[in-house]
Amino acid sequence: QAQLVESGGGLVQPGDSLRLSCAASGFSLDTSAIGWFRQAPGKEREGIVCISSRNGPTLYGDSGEGRFTASRDNAKNTVYLQMNSLKPDDTAVYYCAAVAFTHCGSTWHRYEYDYWGQGTQVTVSS
């Protein structure tokens with residue numbers, strides 16, 4: 001059974017950093033582009049970043065540009081989202097999703113992703 005599991009969320013203070021993980025089981029991330037998304041209460045889901053499977057591009061949305069960095073370890077079948085200088089506005093549930101494309105395109109935030117994780121809560125508060 002194909003599954004994505006996010007981890008690494010928690011309660012942090014403004015200015016702190018977190019690294020989220022997205023681990024796949026039941027399928028290989030090696031041939032999938034991975035999107036990171038987030039959704040805050042009362043707000044629409046927004047795309048943070050899409051990371052291609054191999055040598056393709058990593059494309060950042062407005063919310064991910066500058067402070068967030070996506071990376072992947074295909075040997076561990078895991079994708080990461082490093083988040084720095086966190087702000088209260090970053091408070092949301094963070095999701096990863098996999099799509100059977102190898103490269104991210106300009107419309108990555110509107111792809112029909114094949115698998116979604118259950119989400120991990122990130123709360124930034126003093």
# chains A, B, ... in the order shown; residues from 1 in each chain; ligands from 1
>>> residues_around(residues="Val79 of chain A", least_positions_apart="5", cutoff="9 Å", atoms="only C-alpha atoms", output="JSON list (two decimals) with N, CA and C atoms, in the first residue's frame")
[["chain", "number", "residue", "atom", "x", "y", "z"],
["A", 20, "LEU", "N", 11.11, 19.29, 8.21],
["A", 20, "LEU", "CA", 10.06, 18.31, 8.03],
["A", 20, "LEU", "C", 10.57, 17.19, 7.13],
["A", 21, "SER", "N", 10.08, 15.98, 7.40],
["A", 21, "SER", "CA", 10.41, 14.83, 6.58],
["A", 21, "SER", "C", 9.14, 14.27, 5.96],
["A", 22, "CYS", "N", 9.30, 13.71, 4.79],
["A", 22, "CYS", "CA", 8.19, 13.05, 4.09],
["A", 22, "CYS", "C", 8.73, 11.70, 3.62],
["A", 23, "ALA", "N", 8.33, 10.65, 4.30],
["A", 23, "ALA", "CA", 8.83, 9.31, 4.00],
["A", 23, "ALA", "C", 7.79, 8.52, 3.21],
["A", 24, "ALA", "N", 8.24, 7.88, 2.15],
["A", 24, "ALA", "CA", 7.35, 7.09, 1.31],
["A", 24, "ALA", "C", 7.51, 5.61, 1.60],
["A", 29, "LEU", "N", 10.10, 7.03, -4.42],
["A", 29, "LEU", "CA", 10.06, 8.45, -4.75],
["A", 29, "LEU", "C", 11.00, 8.80, -5.89],
["A", 34, "ILE", "N", 7.75, 15.69, -5.91],
["A", 34, "ILE", "CA", 7.11, 15.85, -4.62],
["A", 34, "ILE", "C", 6.77, 17.31, -4.38],
["A", 51, "ILE", "N", 9.77, 19.58, -5.77],
["A", 51, "ILE", "CA", 11.12, 19.11, -6.02],
["A", 51, "ILE", "C", 11.04, 17.93, -6.98],
["A", 70, "ALA", "N", 13.89, 22.69, -0.06],
["A", 70, "ALA", "CA", 13.51, 21.29, -0.21],
["A", 70, "ALA", "C", 14.71, 20.47, -0.66],
["A", 71, "SER", "N", 14.79, 19.24, -0.19],
["A", 71, "SER", "CA", 15.84, 18.33, -0.61],
["A", 71, "SER", "C", 15.29, 16.91, -0.58],
["A", 72, "ARG", "N", 16.04, 15.98, -1.15],
["A", 72, "ARG", "CA", 15.56, 14.61, -1.15],
["A", 72, "ARG", "C", 16.72, 13.66, -1.00],
["A", 73, "ASP", "N", 16.44, 12.52, -0.41],
["A", 73, "ASP", "CA", 17.39, 11.43, -0.30],
["A", 73, "ASP", "C", 16.70, 10.21, -0.87],
["A", 74, "ASN", "N", 16.96, 9.92, -2.13],
["A", 74, "ASN", "CA", 16.26, 8.81, -2.79],
["A", 74, "ASN", "C", 16.63, 7.46, -2.16],
["A", 96, "CYS", "N", 2.93, 16.73, 2.35],
["A", 96, "CYS", "CA", 3.68, 16.40, 1.15],
["A", 96, "CYS", "C", 2.78, 15.56, 0.25]]
>>> residues_around(residues="Gln13 of chain A", least_positions_apart="4", cutoff="9 Å", atoms="only C-alpha atoms", output="list in words")
Ser17, Leu86, Lys87, Pro88, Thr123, Val124, Ser125 and Ser126 of chain A
>>> residues_around(residues="Met83 of chain A", least_positions_apart="3", cutoff="10 Å", atoms="only C-alpha atoms", output="JSON, numbers by chain")
{"A": [15, 16, 17, 18, 19, 20, 64, 66, 67, 68, 69, 70, 80, 86, 90]}
>>> select_by_dssp(residues="chain A", states="strand (DSSP E)", output="VMD selection string")
chain A and resid 3 to 7 10 to 12 18 to 25 33 to 39 46 to 51 58 to 60 68 to 73 78 to 83 92 to 99 115 to 116 120 to 124
>>> closest_residue(among="A:Tyr94, A:Glu46, A:Val99, A:Pro57", to="Tyr113 of chain A", atoms="only C-alpha atoms")
A:Val99
>>> residues_around(residues="Ala2 of chain A", least_positions_apart="3", cutoff="12 Å", atoms="only C-alpha atoms", output="ChimeraX atom specification")
/A:5,23-29,97-98,114-117
>>> write_last_selection(atoms="all heavy atoms", output="CSV table (one decimal), in the first residue's frame")
chain,number,residue,atom,x,y,z
A,5,VAL,N,4.2,9.7,4.8
A,5,VAL,CA,4.1,10.0,6.2
A,5,VAL,C,5.0,11.2,6.5
A,5,VAL,O,6.2,11.1,6.3
A,5,VAL,CB,4.5,8.9,7.1
A,5,VAL,CG1,4.4,9.3,8.6
A,5,VAL,CG2,3.5,7.7,6.8
A,23,ALA,N,8.3,10.6,4.3
A,23,ALA,CA,8.8,9.3,4.0
A,23,ALA,C,7.8,8.5,3.2
A,23,ALA,O,6.6,8.5,3.6
A,23,ALA,CB,9.2,8.6,5.3
A,24,ALA,N,8.2,7.9,2.2
A,24,ALA,CA,7.3,7.1,1.3
A,24,ALA,C,7.5,5.6,1.6
A,24,ALA,O,8.6,5.1,1.9
A,24,ALA,CB,7.6,7.4,-0.2
A,25,SER,N,6.4,4.9,1.5
A,25,SER,CA,6.5,3.4,1.6
A,25,SER,C,5.5,2.9,0.5
A,25,SER,O,4.5,3.6,0.2
A,25,SER,CB,6.1,3.0,3.0
A,25,SER,OG,4.8,3.4,3.3
A,26,GLY,N,5.8,1.7,0.0
A,26,GLY,CA,5.0,1.1,-1.0
A,26,GLY,C,5.2,1.6,-2.4
A,26,GLY,O,4.6,1.0,-3.3
A,27,PHE,N,6.0,2.6,-2.5
A,27,PHE,CA,6.4,3.0,-3.9
A,27,PHE,C,7.7,3.8,-3.8
A,27,PHE,O,8.1,4.2,-2.7
A,27,PHE,CB,5.3,3.9,-4.5
A,27,PHE,CG,5.2,5.2,-4.0
A,27,PHE,CD1,5.7,6.3,-4.6
A,27,PHE,CD2,4.5,5.4,-2.8
A,27,PHE,CE1,5.5,7.6,-4.1
A,27,PHE,CE2,4.4,6.7,-2.2
A,27,PHE,CZ,4.8,7.8,-2.9
A,28,SER,N,8.4,4.0,-4.9
A,28,SER,CA,9.7,4.7,-4.9
A,28,SER,C,9.5,6.2,-5.2
A,28,SER,O,8.8,6.5,-6.2
A,28,SER,CB,10.6,4.1,-5.9
A,28,SER,OG,11.8,4.8,-6.0
A,29,LEU,N,10.1,7.0,-4.4
A,29,LEU,CA,10.1,8.5,-4.7
A,29,LEU,C,11.0,8.8,-5.9
A,29,LEU,O,11.0,9.9,-6.4
A,29,LEU,CB,10.4,9.3,-3.5
A,29,LEU,CG,9.5,9.3,-2.4
A,29,LEU,CD1,10.0,10.2,-1.2
A,29,LEU,CD2,8.1,9.8,-2.8
A,97,ALA,N,3.1,15.6,-1.0
A,97,ALA,CA,2.3,14.9,-2.0
A,97,ALA,C,3.2,14.4,-3.1
A,97,ALA,O,4.1,15.1,-3.5
A,97,ALA,CB,1.2,15.8,-2.5
A,98,ALA,N,2.9,13.3,-3.7
A,98,ALA,CA,3.7,12.7,-4.8
A,98,ALA,C,2.9,12.6,-6.1
A,98,ALA,O,1.7,12.3,-6.0
A,98,ALA,CB,4.2,11.3,-4.4
A,114,ASP,N,-1.0,12.1,-6.8
A,114,ASP,CA,-1.5,10.7,-6.6
A,114,ASP,C,-1.6,10.3,-5.2
A,114,ASP,O,-2.5,9.6,-4.8
A,114,ASP,CB,-0.5,9.7,-7.4
A,114,ASP,CG,-0.4,10.0,-8.8
A,114,ASP,OD1,-1.5,9.9,-9.5
A,114,ASP,OD2,0.7,10.4,-9.3
A,115,TYR,N,-0.6,10.8,-4.4
A,115,TYR,CA,-0.6,10.4,-2.9
A,115,TYR,C,-0.4,11.6,-2.1
A,115,TYR,O,0.4,12.5,-2.4
A,115,TYR,CB,0.5,9.4,-2.7
A,115,TYR,CG,0.5,8.2,-3.5
A,115,TYR,CD1,1.5,7.9,-4.5
A,115,TYR,CD2,-0.5,7.2,-3.4
A,115,TYR,CE1,1.4,6.8,-5.3
A,115,TYR,CE2,-0.6,6.1,-4.2
A,115,TYR,CZ,0.4,5.9,-5.1
A,115,TYR,OH,0.4,4.8,-5.9
A,116,TRP,N,-1.1,11.7,-1.0
A,116,TRP,CA,-0.9,12.7,0.0
A,116,TRP,C,-0.6,12.1,1.4
A,116,TRP,O,-1.1,11.1,1.7
A,116,TRP,CB,-2.2,13.5,0.1
A,116,TRP,CG,-2.5,14.4,-1.0
A,116,TRP,CD1,-3.1,14.1,-2.2
A,116,TRP,CD2,-2.1,15.8,-1.1
A,116,TRP,NE1,-3.1,15.2,-3.0
A,116,TRP,CE2,-2.6,16.3,-2.4
A,116,TRP,CE3,-1.5,16.7,-0.3
A,116,TRP,CZ2,-2.4,17.6,-2.8
A,116,TRP,CZ3,-1.4,18.0,-0.7
A,116,TRP,CH2,-1.8,18.4,-2.0
A,117,GLY,N,0.2,12.8,2.1
A,117,GLY,CA,0.4,12.4,3.5
A,117,GLY,C,-0.7,13.0,4.4
A,117,GLY,O,-1.6,13.7,3.9
>>> atom_distance(atom1="atom CA of His109 of chain A", atom2="atom CA of Ser52 of chain A")
13.0 Å
>>> atom_distance(atom1="atom CA of Thr102 of chain A", atom2="atom CA of Asp30 of chain A")
8.1 Å
>>> atom_distance(atom1="atom CA of Gly35 of chain A", atom2="atom CA of Ala92 of chain A")
15.6 Å
>>> closest_residue(among="A:Glu44, A:Tyr95, A:Ala33, A:Thr107", to="Gly119 of chain A", atoms="only C-alpha atoms")
A:Tyr95
>>> closest_residue(among="A:Ser85, A:Arg38, A:His103, A:Ala75", to="Arg54 of chain A", atoms="only C-alpha atoms")
A:His103
>>> decode(residues="segment 52-124 of chain A", atoms="C-alpha atoms", output="CSV table (one decimal), in the first residue's frame")
chain,number,residue,atom,x,y,z
A,52,SER,CA,11.8,17.0,-9.1
A,53,SER,CA,12.8,13.4,-8.9
A,54,ARG,CA,16.4,13.6,-10.2
A,55,ASN,CA,18.0,16.4,-12.1
A,56,GLY,CA,15.0,18.4,-12.7
A,57,PRO,CA,14.1,21.8,-11.2
A,58,THR,CA,13.0,22.7,-7.7
A,59,LEU,CA,10.3,25.3,-8.0
A,60,TYR,CA,9.3,27.5,-5.1
A,61,GLY,CA,6.0,29.2,-4.5
A,62,ASP,CA,5.7,32.6,-2.9
A,63,SER,CA,5.4,31.1,0.5
A,64,GLY,CA,8.5,29.0,0.2
A,65,GLU,CA,10.9,31.4,-1.6
A,66,GLY,CA,13.9,32.5,0.5
A,67,ARG,CA,13.4,30.8,3.9
A,68,PHE,CA,12.5,27.2,2.9
A,69,THR,CA,14.6,24.6,1.2
A,70,ALA,CA,13.5,21.3,-0.2
A,71,SER,CA,15.8,18.3,-0.6
A,72,ARG,CA,15.6,14.6,-1.2
A,73,ASP,CA,17.4,11.4,-0.3
A,74,ASN,CA,16.3,8.8,-2.8
A,75,ALA,CA,18.2,6.1,-1.0
A,76,LYS,CA,16.1,6.7,2.1
A,77,ASN,CA,12.9,7.3,0.0
A,78,THR,CA,12.5,10.6,1.9
A,79,VAL,CA,12.0,14.2,1.0
A,80,TYR,CA,12.8,17.1,3.4
A,81,LEU,CA,11.6,20.6,3.9
A,82,GLN,CA,14.1,22.8,5.8
A,83,MET,CA,12.3,25.9,7.2
A,84,ASN,CA,14.3,28.7,8.7
A,85,SER,CA,13.4,32.0,10.4
A,86,LEU,CA,9.9,30.8,11.1
A,87,LYS,CA,7.2,33.4,11.6
A,88,PRO,CA,3.7,33.1,13.2
A,89,ASP,CA,2.2,33.3,9.7
A,90,ASP,CA,3.9,29.9,9.0
A,91,THR,CA,1.6,28.2,11.4
A,92,ALA,CA,-0.3,25.6,9.4
A,93,VAL,CA,-0.6,21.9,8.7
A,94,TYR,CA,2.1,20.9,6.3
A,95,TYR,CA,1.6,18.2,3.7
A,96,CYS,CA,3.7,16.4,1.1
A,97,ALA,CA,2.3,14.9,-2.0
A,98,ALA,CA,3.7,12.7,-4.8
A,99,VAL,CA,2.9,12.8,-8.5
A,100,ALA,CA,4.0,10.4,-11.2
A,101,PHE,CA,6.0,13.0,-13.1
A,102,THR,CA,9.8,13.2,-12.8
A,103,HIS,CA,10.1,16.9,-13.3
A,104,CYS,CA,8.2,19.8,-11.7
A,105,GLY,CA,6.5,22.2,-14.2
A,106,SER,CA,5.2,25.7,-13.8
A,107,THR,CA,1.8,24.5,-12.8
A,108,TRP,CA,3.0,22.1,-10.1
A,109,HIS,CA,0.7,23.6,-7.5
A,110,ARG,CA,-2.3,22.5,-9.6
A,111,TYR,CA,-1.2,19.0,-10.4
A,112,GLU,CA,-3.5,16.1,-9.5
A,113,TYR,CA,-1.2,14.5,-7.0
A,114,ASP,CA,-1.5,10.7,-6.6
A,115,TYR,CA,-0.6,10.4,-2.9
A,116,TRP,CA,-0.9,12.7,0.0
A,117,GLY,CA,0.4,12.4,3.5
A,118,GLN,CA,-1.7,13.0,6.6
A,119,GLY,CA,0.0,16.3,7.4
A,120,THR,CA,2.1,17.5,10.3
A,121,GLN,CA,1.2,20.6,12.4
A,122,VAL,CA,3.7,23.4,12.6
A,123,THR,CA,2.9,26.1,15.2
A,124,VAL,CA,5.1,29.2,15.5
